[in-house]
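Heads up, the thing below is written out as structure tokens.
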Amino acid sequence: IIGSLGNPAKIALRYSGGKQIILDRRNSLVRPLDQDKWIPYEQAVADKTIKRHLKKLIFKWENLRWQSHLEKE
């Protein structure tokens, strides 16, 4: 996570072997696994494989936000 947990500029999920997926929330661009180029979010979710990894990334970020919220209560 780059930036605050509640409103990060970028979030990423790194897999074993150094593979990662990155979402740049400032401009809605995605850098899919094993790719050197950034693609628009709409294009990313149209691809089943990229969408699966993107959903996992967003779920993990949401889970961290929820855990942080619970710890503050």
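Residue numbers start at 1 in each chain; chains themselves are named A, B, ... in the order of the structure tokens; ligands are numbered from 1 in the order shown.
Neighbouring residues of Ser16 of chain A at 12 Å or closer, counting only C-alpha atoms and skipping chain neighbours under 4 positions away, are Gln20, Ile21 and Leu33 of chain A.
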Residue selection dump (C-alpha atoms) as a PDB file, in the first residue's frame:
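Listing of result11.pdb after writing:
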```
ATOM      1  CA  GLN A  20       2.648  -8.853  -8.597  1.00  0.00           C
ATOM      2  CA  ILE A  21      -0.486  -7.044  -9.638  1.00  0.00           C
ATOM      3  CA  LEU A  33       1.046 -10.099 -13.484  1.00  0.00           C
TER       4      LEU A  33
END
```
* Can you list, as number ranges by chain, every protein, DNA or RNA residue that comes within 12 Å of Arg31 of chain A when you count only C-alpha atoms, leaving out same-chain residues fewer than 2 positions away? -> A: 10-14, 19-25, 27-29, 33-41, 43-45, 50-51, 53-54, 57
* Please identify which residues in chain A DSSP calls alpha helix (DSSP H) from the backbone, and express them as number ranges by chain. => A: 41-46, 48-72
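Every protein or nucleic acid residue with an atom no more than 12 Å from Gly6 of chain A, counting only C-alpha atoms and leaving out same-chain residues fewer than 5 positions away, appears here: Ile1, Ile11, Arg25, Trp61, Glu62, Asn63, Leu64, Arg65, Trp66, Gln67, Ser68 and His69 of chain A.
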File of the preceding selection, C-alpha atoms, as a PDB file, in the first residue's frame:
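part.pdb written:
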```pdb
ATOM      1  CA  ILE A   1       0.000   0.000   0.000  1.00  0.00           C
ATOM      2  CA  ILE A  11      -2.164  -1.047  -3.860  1.00  0.00           C
ATOM      3  CA  ARG A  25      -6.114   4.318  -7.832  1.00  0.00           C
ATOM      4  CA  TRP A  61      -7.055  -4.323   0.827  1.00  0.00           C
ATOM      5  CA  GLU A  62     -10.667  -4.165   2.028  1.00  0.00           C
ATOM      6  CA  ASN A  63      -9.892  -6.805   4.644  1.00  0.00           C
ATOM      7  CA  LEU A  64      -6.947  -4.764   5.952  1.00  0.00           C
ATOM      8  CA  ARG A  65      -9.166  -1.675   6.140  1.00  0.00           C
ATOM      9  CA  TRP A  66     -11.800  -3.623   8.083  1.00  0.00           C
ATOM     10  CA  GLN A  67      -9.221  -5.059  10.495  1.00  0.00           C
ATOM     11  CA  SER A  68      -7.887  -1.565  11.107  1.00  0.00           C
ATOM     12  CA  HIS A  69     -11.399  -0.311  11.783  1.00  0.00           C
TER      13      HIS A  69
END
```
* To do: Name the residues of chain A that come out as strand (DSSP E or B) in a backbone DSSP run; write them as number ranges by chain.
  => A: 2-3, 8-14, 20-24, 29-31, 39-40
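Computed from the coordinates, the atom CA of Thr49 of chain A to atom CA of Pro32 of chain A distance equals 9.3 Å.
Going from atom CA of Asn7 of chain A to atom CA of Glu42 of chain A covers 20.2 Å.
When atom CA of Glu71 of chain A is paired with atom CA of Phe59 of chain A, their separation reads 18.3 Å.
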